[in-house]
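Visitor: Following this line is work.txt, made up of compact mmCIF, C-alpha atoms and all ligand atoms:
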# COMPACT_ATOMS: atom_id res chain seq x y z
CA MET A 335 26.40 152.29 158.26
CA LYS A 336 26.45 152.14 154.46
CA LYS A 337 28.97 149.82 152.82
CA ILE A 338 30.20 149.74 149.24
CA GLU A 339 32.69 147.17 148.00
CA VAL A 340 35.04 148.22 145.23
CA LYS A 341 35.72 144.93 143.45
CA LEU A 342 38.90 144.87 141.39
CA PRO A 343 40.87 141.85 140.14
CA ASN A 344 43.75 142.40 142.60
CA ASN A 345 42.49 145.07 144.97
CA SER A 346 39.07 144.82 146.54
CA TYR A 347 38.21 147.11 149.41
CA GLU A 348 35.33 148.54 151.35
CA LEU A 349 34.07 152.07 151.61
CA LEU A 350 32.25 152.62 154.89
CA ILE A 351 29.98 155.64 155.16
CA SER A 352 28.56 156.55 158.53
CA LYS A 353 27.98 159.64 160.66
CA GLY A 354 30.32 159.57 163.68
CA LEU A 355 32.65 156.98 162.14
CA ILE A 356 35.68 159.19 162.88
CA ASN A 357 35.25 158.41 166.58
CA ASN A 358 35.58 154.64 166.04
CA ILE A 359 38.46 154.47 163.63
CA GLY A 360 40.55 152.21 165.90
CA TYR A 361 37.72 149.67 166.03
CA GLU A 362 37.35 149.66 162.21
CA VAL A 363 41.10 149.52 161.56
CA GLU A 364 41.43 146.55 163.88
CA LYS A 365 39.10 144.57 161.60
CA VAL A 366 41.38 144.95 158.58
CA TYR A 367 44.88 145.33 160.08
CA LYS A 368 46.64 142.96 162.44
CA GLY A 369 49.98 144.80 162.85
CA ASP A 370 50.96 147.26 165.56
CA LYS A 371 52.34 150.45 163.95
CA VAL A 372 50.09 153.04 162.31
CA ALA A 373 51.46 156.27 160.82
CA ILE A 374 48.90 159.05 160.36
CA VAL A 375 49.48 161.84 157.85
CA THR A 376 47.24 164.88 158.19
CA ASP A 377 47.29 168.69 157.88
CA GLU A 378 47.08 171.43 160.49
CA ASN A 379 43.42 172.24 159.81
CA VAL A 380 42.23 168.67 160.03
CA ASP A 381 44.52 167.91 162.95
CA ARG A 382 42.91 170.69 164.99
CA PHE A 383 39.54 168.95 164.80
CA TYR A 384 40.24 165.26 164.34
CA GLY A 385 43.92 164.45 164.88
CA GLU A 386 43.55 163.61 168.52
CA VAL A 387 40.24 161.78 168.09
CA VAL A 388 41.75 159.45 165.50
CA GLU A 389 45.03 158.92 167.34
CA LYS A 390 43.26 158.21 170.64
CA SER A 391 40.87 155.79 169.00
CA LEU A 392 43.78 153.90 167.45
CA ARG A 393 45.76 153.86 170.69
CA SER A 394 42.78 152.60 172.62
CA GLN A 395 42.85 149.52 170.38
CA GLY A 396 46.52 149.00 171.22
CA PHE A 397 48.07 150.51 168.07
CA ASN A 398 51.40 152.30 168.27
CA THR A 399 50.95 155.59 166.37
CA LEU A 400 53.03 158.27 164.71
CA LYS A 401 51.27 161.44 163.57
CA MET A 402 52.73 163.74 160.94
CA VAL A 403 51.02 167.13 160.61
CA LEU A 404 51.66 169.05 157.38
CA LYS A 405 50.82 172.53 156.13
CA PRO A 406 47.41 172.69 154.44
CA GLY A 407 47.08 173.52 150.74
CA GLU A 408 48.06 172.32 147.27
CA LYS A 409 51.74 173.29 147.75
CA THR A 410 52.04 170.39 150.18
CA LYS A 411 51.56 167.94 147.29
CA SER A 412 55.18 168.46 146.31
CA MET A 413 58.30 166.38 145.85
CA GLU A 414 59.97 168.32 148.70
CA GLN A 415 57.16 167.44 151.10
CA LEU A 416 57.16 163.83 149.94
CA LEU A 417 60.88 163.51 150.70
CA GLU A 418 60.24 164.89 154.19
CA LEU A 419 57.82 162.07 154.95
CA TYR A 420 60.18 159.15 154.35
CA ASP A 421 62.70 159.75 157.16
CA PRO A 422 60.21 160.03 160.02
CA LEU A 423 58.52 156.88 158.72
CA LEU A 424 61.83 155.02 158.70
CA ASP A 425 62.67 156.36 162.17
CA PHE A 426 59.30 155.01 163.31
CA GLY A 427 60.48 151.62 162.05
CA ILE A 428 57.74 151.24 159.49
CA ASN A 429 57.73 148.11 157.34
CA ARG A 430 55.57 146.55 154.64
CA GLY A 431 53.42 144.85 157.26
CA ASN A 432 52.41 148.18 158.80
CA LEU A 433 49.80 150.76 157.92
CA ILE A 434 49.69 154.41 156.89
CA ILE A 435 46.52 156.49 157.26
CA ALA A 436 45.71 159.54 155.13
CA LEU A 437 43.53 161.79 157.29
CA GLY A 438 42.50 164.84 155.28
CA GLY A 439 41.30 166.15 151.95
CA GLY A 440 42.51 165.43 148.44
CA VAL A 441 46.00 166.86 148.94
CA ILE A 442 46.72 164.69 151.98
CA GLY A 443 45.11 161.64 150.34
CA ASP A 444 47.08 161.96 147.10
CA LEU A 445 50.41 162.70 148.77
CA THR A 446 50.05 160.03 151.46
CA GLY A 447 48.86 157.44 148.96
CA PHE A 448 51.84 158.14 146.73
CA CYS A 449 54.18 158.01 149.71
CA ALA A 450 52.65 154.66 150.73
CA SER A 451 52.98 153.32 147.18
CA THR A 452 56.69 154.17 146.99
CA MET A 453 57.94 153.67 150.56
CA LEU A 454 59.69 150.30 150.74
CA ARG A 455 57.95 149.47 147.42
CA GLY A 456 54.51 149.68 148.98
CA ILE A 457 52.98 149.94 152.43
CA PRO A 458 49.23 149.39 152.91
CA TYR A 459 47.23 152.56 153.52
CA ILE A 460 43.75 153.64 154.50
CA GLN A 461 41.94 156.80 153.46
CA ILE A 462 39.92 158.86 155.93
CA PRO A 463 38.75 161.67 153.64
CA THR A 464 37.59 164.82 155.42
CA SER A 465 36.50 167.04 152.50
CA LEU A 466 33.46 166.40 150.34
CA LEU A 467 35.65 166.26 147.25
CA ALA A 468 37.87 163.58 148.80
CA GLN A 469 34.90 161.64 150.17
CA ILE A 470 33.20 161.26 146.82
CA ASP A 471 36.14 161.23 144.45
CA SER A 472 39.84 161.35 145.22
CA SER A 473 39.93 158.80 148.07
CA ILE A 474 38.37 156.13 145.81
CA GLY A 475 39.95 154.51 142.81
CA GLY A 476 43.65 154.48 143.67
CA LYS A 477 44.89 157.56 141.83
CA VAL A 478 47.72 158.95 143.96
CA ALA A 479 50.18 161.64 142.94
CA ILE A 480 52.20 164.73 143.64
CA ASP A 481 52.47 167.89 141.55
CA LEU A 482 55.48 169.21 139.68
CA PRO A 483 56.14 172.92 139.05
CA ARG A 484 54.86 172.45 135.47
CA GLY A 485 51.55 170.84 136.41
CA LYS A 486 49.35 168.95 138.79
CA ASN A 487 49.52 165.17 139.37
CA LEU A 488 52.42 164.68 136.98
CA VAL A 489 54.16 162.06 139.17
CA GLY A 490 51.99 159.34 140.59
CA SER A 491 50.64 155.82 140.41
CA PHE A 492 47.56 153.69 140.79
CA TYR A 493 47.68 152.39 144.35
CA HIS A 494 44.44 151.42 146.05
CA PRO A 495 43.75 151.87 149.74
CA LYS A 496 42.89 148.91 151.99
CA ALA A 497 39.72 150.74 153.07
CA VAL A 498 38.05 154.14 152.91
CA TYR A 499 36.26 155.45 156.02
CA ILE A 500 33.86 158.29 155.28
CA ASP A 501 32.25 160.28 158.07
CA PRO A 502 29.80 162.83 156.60
CA GLU A 503 29.63 164.63 159.96
CA VAL A 504 33.16 165.98 159.54
CA LEU A 505 31.84 168.18 156.71
CA GLY A 506 30.18 170.30 159.39
CA THR A 507 33.57 171.82 160.24
CA LEU A 508 34.38 172.57 156.61
CA GLU A 509 34.39 176.16 155.32
CA LYS A 510 31.51 176.72 152.87
CA ARG A 511 33.92 177.28 150.01
CA PHE A 512 35.41 173.80 150.49
CA LEU A 513 31.97 172.29 150.67
CA ASN A 514 31.15 174.02 147.41
CA ASP A 515 34.31 172.64 145.93
CA GLY A 516 32.95 169.13 146.48
CA LEU A 517 29.49 170.14 145.31
CA GLY A 518 30.89 170.90 141.88
CA GLU A 519 31.91 167.23 141.70
CA VAL A 520 28.55 166.04 143.09
CA ILE A 521 26.84 167.90 140.25
CA LYS A 522 29.31 166.32 137.85
CA TYR A 523 28.30 162.80 138.97
CA ALA A 524 24.63 163.71 138.54
CA LEU A 525 25.31 165.07 135.06
CA ILE A 526 27.32 162.13 133.81
CA LYS A 527 25.32 159.26 135.32
CA ASP A 528 22.39 160.11 137.55
CA ARG A 529 19.48 162.21 136.31
CA GLU A 530 17.53 161.39 139.49
CA LEU A 531 20.30 162.88 141.64
CA PHE A 532 20.25 165.98 139.45
CA ASP A 533 16.50 166.36 139.99
CA GLU A 534 16.93 165.88 143.74
CA LEU A 535 19.65 168.51 143.90
CA LYS A 536 17.29 170.86 142.11
CA LYS A 537 14.76 170.38 144.90
CA VAL A 538 17.22 171.01 147.76
CA GLN A 539 16.35 174.36 149.36
CA GLY A 540 19.65 175.33 150.92
CA TYR A 541 22.78 174.23 152.74
CA GLU A 542 20.97 173.00 155.82
CA GLU A 543 18.85 170.62 153.77
CA LEU A 544 21.86 169.62 151.75
CA LEU A 545 23.78 168.63 154.88
CA GLU A 546 20.77 166.65 156.09
CA LYS A 547 20.82 164.65 152.87
CA ILE A 548 24.58 164.51 152.48
CA GLU A 549 25.07 160.91 153.61
CA ASP A 550 22.77 159.67 150.87
CA ILE A 551 24.34 162.03 148.32
CA ILE A 552 27.84 160.78 149.22
CA TYR A 553 26.64 157.19 148.96
CA ARG A 554 25.20 157.75 145.49
CA CYS A 555 28.34 159.46 144.24
CA CYS A 556 30.56 156.72 145.68
CA CYS A 557 28.40 154.06 143.97
CA ILE A 558 28.92 155.79 140.63
CA LYS A 559 32.66 156.07 141.22
CA LYS A 560 32.84 152.40 142.25
CA HIS A 561 31.13 151.22 139.05
CA VAL A 562 33.23 153.44 136.81
CA VAL A 563 36.51 152.38 138.47
CA GLU A 564 35.54 148.70 138.34
CA ALA A 565 34.79 149.01 134.62
CA ASP A 566 38.05 150.80 133.85
CA GLU A 567 40.58 150.73 136.67
CA ARG A 568 43.46 152.22 134.66
CA ASP A 569 41.57 155.13 133.11
CA THR A 570 41.81 154.11 129.47
CA GLY A 571 38.08 154.07 128.67
CA GLU A 572 34.93 154.70 130.67
CA ARG A 573 36.75 156.22 133.67
CA MET A 574 37.50 159.20 131.47
CA ILE A 575 33.88 160.32 131.85
CA LEU A 576 34.81 161.36 135.40
CA ASN A 577 36.74 164.13 133.72
CA PHE A 578 33.61 165.86 132.50
CA GLY A 579 34.26 169.60 132.87
CA HIS A 580 37.88 168.95 133.82
CA THR A 581 39.54 169.77 130.49
CA ILE A 582 38.56 173.42 130.73
CA GLY A 583 38.60 173.32 134.53
CA HIS A 584 42.23 172.20 134.72
CA GLY A 585 43.18 174.86 132.18
CA ILE A 586 41.55 177.59 134.28
CA GLU A 587 43.21 176.38 137.48
CA LYS A 588 46.59 176.34 135.79
CA LEU A 589 46.22 179.80 134.24
CA GLN A 590 45.25 181.15 137.65
CA ASN A 591 48.29 179.45 139.20
CA TYR A 592 45.98 177.38 141.40
CA GLU A 593 45.26 180.53 143.40
CA GLY A 594 42.00 181.55 141.73
CA LEU A 595 38.95 179.32 141.43
CA SER A 596 38.99 176.14 143.48
CA HIS A 597 39.01 172.83 141.60
CA GLY A 598 35.24 172.34 141.98
CA GLU A 599 34.57 175.90 140.88
CA ALA A 600 36.80 175.58 137.83
CA VAL A 601 35.12 172.27 136.92
CA SER A 602 31.74 174.00 137.25
CA VAL A 603 32.77 176.58 134.65
CA GLY A 604 34.15 173.76 132.50
CA MET A 605 30.93 171.73 132.64
CA TYR A 606 28.78 174.67 131.63
CA CYS A 607 31.10 175.96 128.94
CA ILE A 608 31.66 172.64 127.17
CA THR A 609 27.95 171.80 127.34
CA LEU A 610 26.98 175.15 125.88
CA ASN A 611 29.32 174.50 122.96
CA SER A 612 28.30 170.88 122.41
CA GLU A 613 24.65 171.93 122.55
CA ASN A 614 25.31 174.52 119.87
CA LYS A 615 26.84 171.76 117.74
CA GLY A 616 23.75 169.59 118.20
CA LEU A 617 25.57 166.95 120.25
CA THR A 618 23.69 167.65 123.47
CA ALA A 619 19.95 167.94 124.14
CA ALA A 620 18.77 171.55 123.86
CA GLY A 621 18.37 173.34 127.18
CA THR A 622 20.97 171.26 129.05
CA ALA A 623 23.43 174.12 129.56
CA LYS A 624 20.66 176.30 130.95
CA GLU A 625 19.68 173.61 133.46
CA ILE A 626 23.32 173.26 134.54
CA LYS A 627 23.63 177.01 134.96
CA LEU A 628 20.53 177.17 137.18
CA LEU A 629 21.83 174.43 139.49
CA LEU A 630 25.31 175.96 139.69
CA ASN A 631 23.78 179.34 140.55
CA LYS A 632 21.79 177.81 143.32
CA PHE A 633 24.93 176.55 145.06
CA GLN A 634 26.86 179.75 144.28
CA LEU A 635 29.13 177.90 141.90
CA PRO A 636 30.40 179.88 138.91
CA TYR A 637 29.52 179.11 135.29
CA GLU A 638 31.91 181.63 133.76
CA VAL A 639 35.26 183.20 134.56
CA GLN A 640 36.68 186.61 133.73
CA GLY A 641 40.19 187.47 132.54
CA ILE A 642 41.08 184.24 130.74
CA LYS A 643 41.78 184.34 127.01
CA LYS A 644 40.75 181.44 124.80
CA GLU A 645 44.27 181.23 123.24
CA ASP A 646 45.87 180.92 126.69
CA LEU A 647 43.39 178.24 127.67
CA LEU A 648 44.15 176.26 124.51
CA GLU A 649 47.87 176.49 125.20
CA ALA A 650 47.37 175.32 128.79
CA LEU A 651 45.34 172.35 127.51
CA ALA A 652 48.13 171.31 125.21
CA MET A 653 50.28 170.75 128.33
CA ASP A 654 47.70 168.61 130.14
CA LYS A 655 48.90 165.02 130.51
CA LYS A 656 45.55 163.67 129.31
CA ASN A 657 45.79 165.40 125.97
CA ILE A 658 47.65 162.58 124.30
CA GLY A 659 49.00 162.98 120.79
CA LYS A 660 47.33 165.32 118.39
CA GLY A 661 43.76 164.62 119.37
CA MET A 662 41.84 164.72 122.56
CA ASN A 663 39.02 162.84 124.30
CA LEU A 664 36.35 165.32 125.30
CA ILE A 665 33.63 164.28 127.70
CA LEU A 666 30.25 165.57 126.61
CA LEU A 667 26.65 165.02 127.64
CA ARG A 668 24.01 163.59 125.38
CA ASP A 669 21.56 164.68 128.05
CA ILE A 670 21.55 165.11 131.81
CA GLY A 671 22.69 161.81 133.32
CA GLU A 672 24.28 160.54 130.11
CA ALA A 673 27.91 161.26 129.29
CA PHE A 674 29.91 160.08 126.30
CA ILE A 675 33.47 160.32 125.03
CA HIS A 676 33.89 162.45 121.92
CA LYS A 677 37.22 162.31 120.11
CA VAL A 678 38.32 165.53 118.48
CA SER A 679 41.35 166.39 116.42
CA GLY A 680 43.76 169.08 117.59
CA LYS A 681 42.25 171.73 115.31
CA ASP A 682 38.68 171.03 116.42
CA ILE A 683 39.32 171.39 120.16
CA GLU A 684 38.88 175.14 120.02
CA LYS A 685 35.28 174.72 118.84
CA PHE A 686 34.42 173.31 122.26
CA ILE A 687 36.27 175.81 124.43
N1 LIG B 701 39.14 161.79 139.74
C1 LIG B 701 39.07 161.11 138.52
C2 LIG B 701 39.39 159.67 138.63
O1 LIG B 701 39.49 159.13 139.69
O2 LIG B 701 39.56 159.03 137.60
Reformat the file's structure so that it appears as C-alpha cells.
Ligand code: GLY
Guide:
Amino acid sequence: MKKIEVKLPNNSYELLISKGLINNIGYEVEKVYKGDKVAIVTDENVDRFYGEVVEKSLRSQGFNTLKMVLKPGEKTKSMEQLLELYDPLLDFGINRGNLIIALGGGVIGDLTGFCASTMLRGIPYIQIPTSLLAQIDSSIGGKVAIDLPRGKNLVGSFYHPKAVYIDPEVLGTLEKRFLNDGLGEVIKYALIKDRELFDELKKVQGYEELLEKIEDIIYRCCCIKKHVVEADERDTGERMILNFGHTIGHGIEKLQNYEGLSHGEAVSVGMYCITLNSENKGLTAAGTAKEIKLLLNKFQLPYEVQGIKKEDLLEALAMDKKNIGKGMNLILLRDIGEAFIHKVSGKDIEKFI
C-alpha cells in the first residue's frame, strides 16, 4: 500500500493507493470514522461493478448504509441533480457526525463533494475515485462543484475529503476512451513537473505495459498534485500550473457542447497547440511540441481538432471563470518537466491560440 499525506493548515488527509483496496473499504473507513451512517453516491456504471462490493464491505464493519445511484455523465453534475440528493440524505437521518462517500469518476466526486460541503453546512466525505482522471486529479485538492448551463464548475467550493482511497485495479473495467481521458492528464503532470515520468511514458510499449505500471504512475501524479495543492491550496499561484493545456481544452469542450472530445482529449490538443505557439515565440525549448505530439500519438490522443474557428475559441475563453479581468494567466513550458505562468494582456491571448 502506498500512502501520501496531503498536509494543509486545516485539512490534512491521506491518499491510499493499493490494488484491491476497493474490497476492504469498510476496514479503511473504520480507521477514520467512528459514526454509524454512511451514504454512498455513485453512478449506474460504477454501481454495476463496485456498488455491492463497497456497500457489503461497509456493512460487514457494522455501518448503516444508504446508496444513491445516479445516471452517468456530465449532465449529472447539475443543480437539479444536487437538489435531488438532499432529501434522501435527510430521510436517512444524516447529520454532521456522519459520512458521505463519493464512489465514481470526476462527475460523482465533484457533485458529491459539493453536496457534502453544503448539506447541513458540511458533512465529512471520502473519495473513492474509479476513473484514472479522478484518481490522479479531481479527487485530490478539494475542488468540488456543479455545472451551470453557461459553463462547467461555475458553482462550487474548496472542501477537502477526509481520505482518498485509490484502487488502480478498478481501471481494468474502464473503457479505453476513459482511460485515455486520464492519460491526457498523466502526460500533463509529466510535462509540467516530471521529465523522468515523460521519458518513462515514452518507453511504455502499449496499454498492457501501461496498466502494469499504473500504480506507480498514479503515485507519481498524486505526489505532484499533493505538492502543488500544499503550496497553493486556493489556486491563486502555483496551482494554476495544473491548468496547462486547459485554457484551449476548456474552450474546445465548450464549443463542442461537451459532446465532442473528452476532457483529457481536449487538454491534449490544448497542450500541443499552446506549446507550438510558445515555442514559435521563443518561450519554450525548440522541439518540445514535436515531443508532445509523438507521445500523444502513441496513446491515440489528439493533438489537433477540426471544425473549430479561432474567433469562436477566443470568445469561449472570454467566458471562462479563470480569465479574470482583461488579462490572462497562461501556463507554458520552458521545457519538458518545467512549467511557468505567463501573464498576457487581452489582445495578446490570440497569439497563443
Ligand atoms: N484540477 C485542477 C486543480 O485541482 O487545481
Visitor: My list of candidates is A:Tyr347, A:Tyr592, A:Phe633, A:Phe578. Which is closest to Leu666 (chain A) when distances are computed with only C-alpha atoms?
Guide: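 The shortest atom-to-atom distance to Leu666 (chain A) comes from A:Phe578.
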Visitor: Report as number ranges by chain all protein, DNA and RNA residues lying within 7 Å of region 491-503 of chain A, evaluated on only C-alpha atoms, omitting residues in the same chain fewer than 2 positions from it.
Guide: A: 345, 347-356, 447-448, 451, 458-463, 469, 473, 475-479, 505-506, 548-549
Visitor: Could you give me, as an mmCIF file with C-alpha atoms, keeping the file's coordinate frame, the residues within 8 Å of Lys536 (chain A), counting only C-alpha atoms and dropping anything in the same chain fewer than 3 positions from it?
Guide:
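Once everything was written out, this is out-v2.cif:
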data_model
loop_
_atom_site.group_PDB
_atom_site.id
_atom_site.type_symbol
_atom_site.label_atom_id
_atom_site.label_comp_id
_atom_site.auth_asym_id
_atom_site.auth_seq_id
_atom_site.Cartn_x
_atom_site.Cartn_y
_atom_site.Cartn_z
ATOM 1 C CA PHE A 532 20.250 165.980 139.450
ATOM 2 C CA ASP A 533 16.500 166.360 139.990
ATOM 3 C CA LEU A 629 21.830 174.430 139.490
#
Visitor: Please tell me which residues are no farther than 12 Å from (52.5, 149.3, 168.5) in the file, counting only C-alpha atoms, and write them as a list in words.
Guide: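 Here is the list of nearby residues: Lys368, Gly369, Asp370, Lys371, Val372, Ala373, Leu392, Arg393, Ser394, Gln395, Gly396, Phe397, Asn398, Thr399, Leu400, Phe426, Gly427, Ile428, Asn432 and Leu433 of chain A.
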Visitor: What's the 9 Å shell around Asp471 (chain A), counting all atoms listed in the file, without same-chain residues fewer than 3 positions away, as an MDAnalysis selection string?
Guide: chainID A and resid 440 466:468 474:475 516 519 555:556 559
Visitor: So, counting all atoms listed in the file, which residue among A:Leu589, A:Ala600, A:Leu667, A:Val562 is closest to Asp646 (chain A)?
Guide: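 Result for the nearest residue to Asp646 (chain A): A:Leu589.
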Visitor: What is the distance between CA of Met574 (chain A) and CA of Lys677 (chain A), in Å to one decimal?
Guide: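 Distance reported for this atom pair: 11.8 Å.
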Visitor: So, counting all atoms listed in the file, which residue among A:Leu535, A:Ile552, A:Leu544, A:Val388 is closest to Ser465 (chain A)?
Guide: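 Among A:Leu535, A:Ile552, A:Leu544, A:Val388, it is A:Ile552 that comes nearest to Ser465 (chain A).
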Visitor: So how many Å separate CA of Leu419 (chain A) and CA of Val363 (chain A), to one decimal?
Guide: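 It comes out at 21.9 Å.
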Visitor: Can you work out the spacing between CA of Gly456 (chain A) and CA of Cys557 (chain A) in Å, to one decimal?
Guide: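 These two atoms are separated by 26.9 Å.
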Visitor: Would you kindly return, as a compact mmCIF listing (two decimals) with C-alpha atoms, in the frame of the given file, each protein, DNA or RNA residue with an atom no farther than 9 Å from any atom of Met402 (chain A), considering only C-alpha atoms and excluding same-chain residues fewer than 6 positions away?
Guide:
# COMPACT_ATOMS: atom_id res chain seq x y z
CA ALA A 373 51.46 156.27 160.82
CA ILE A 374 48.90 159.05 160.36
CA VAL A 375 49.48 161.84 157.85
CA THR A 376 47.24 164.88 158.19
CA ASP A 377 47.29 168.69 157.88
CA LEU A 419 57.82 162.07 154.95
CA PRO A 422 60.21 160.03 160.02
Visitor: For ligand LIG 701 (chain B), which of A:Ser391, A:Gln590, A:Thr570, A:Asn429 is the closest residue, counting only C-alpha atoms and all ligand atoms?
Guide: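 Once distances to ligand LIG 701 (chain B) are computed over only C-alpha atoms and all ligand atoms, the minimum belongs to A:Thr570.
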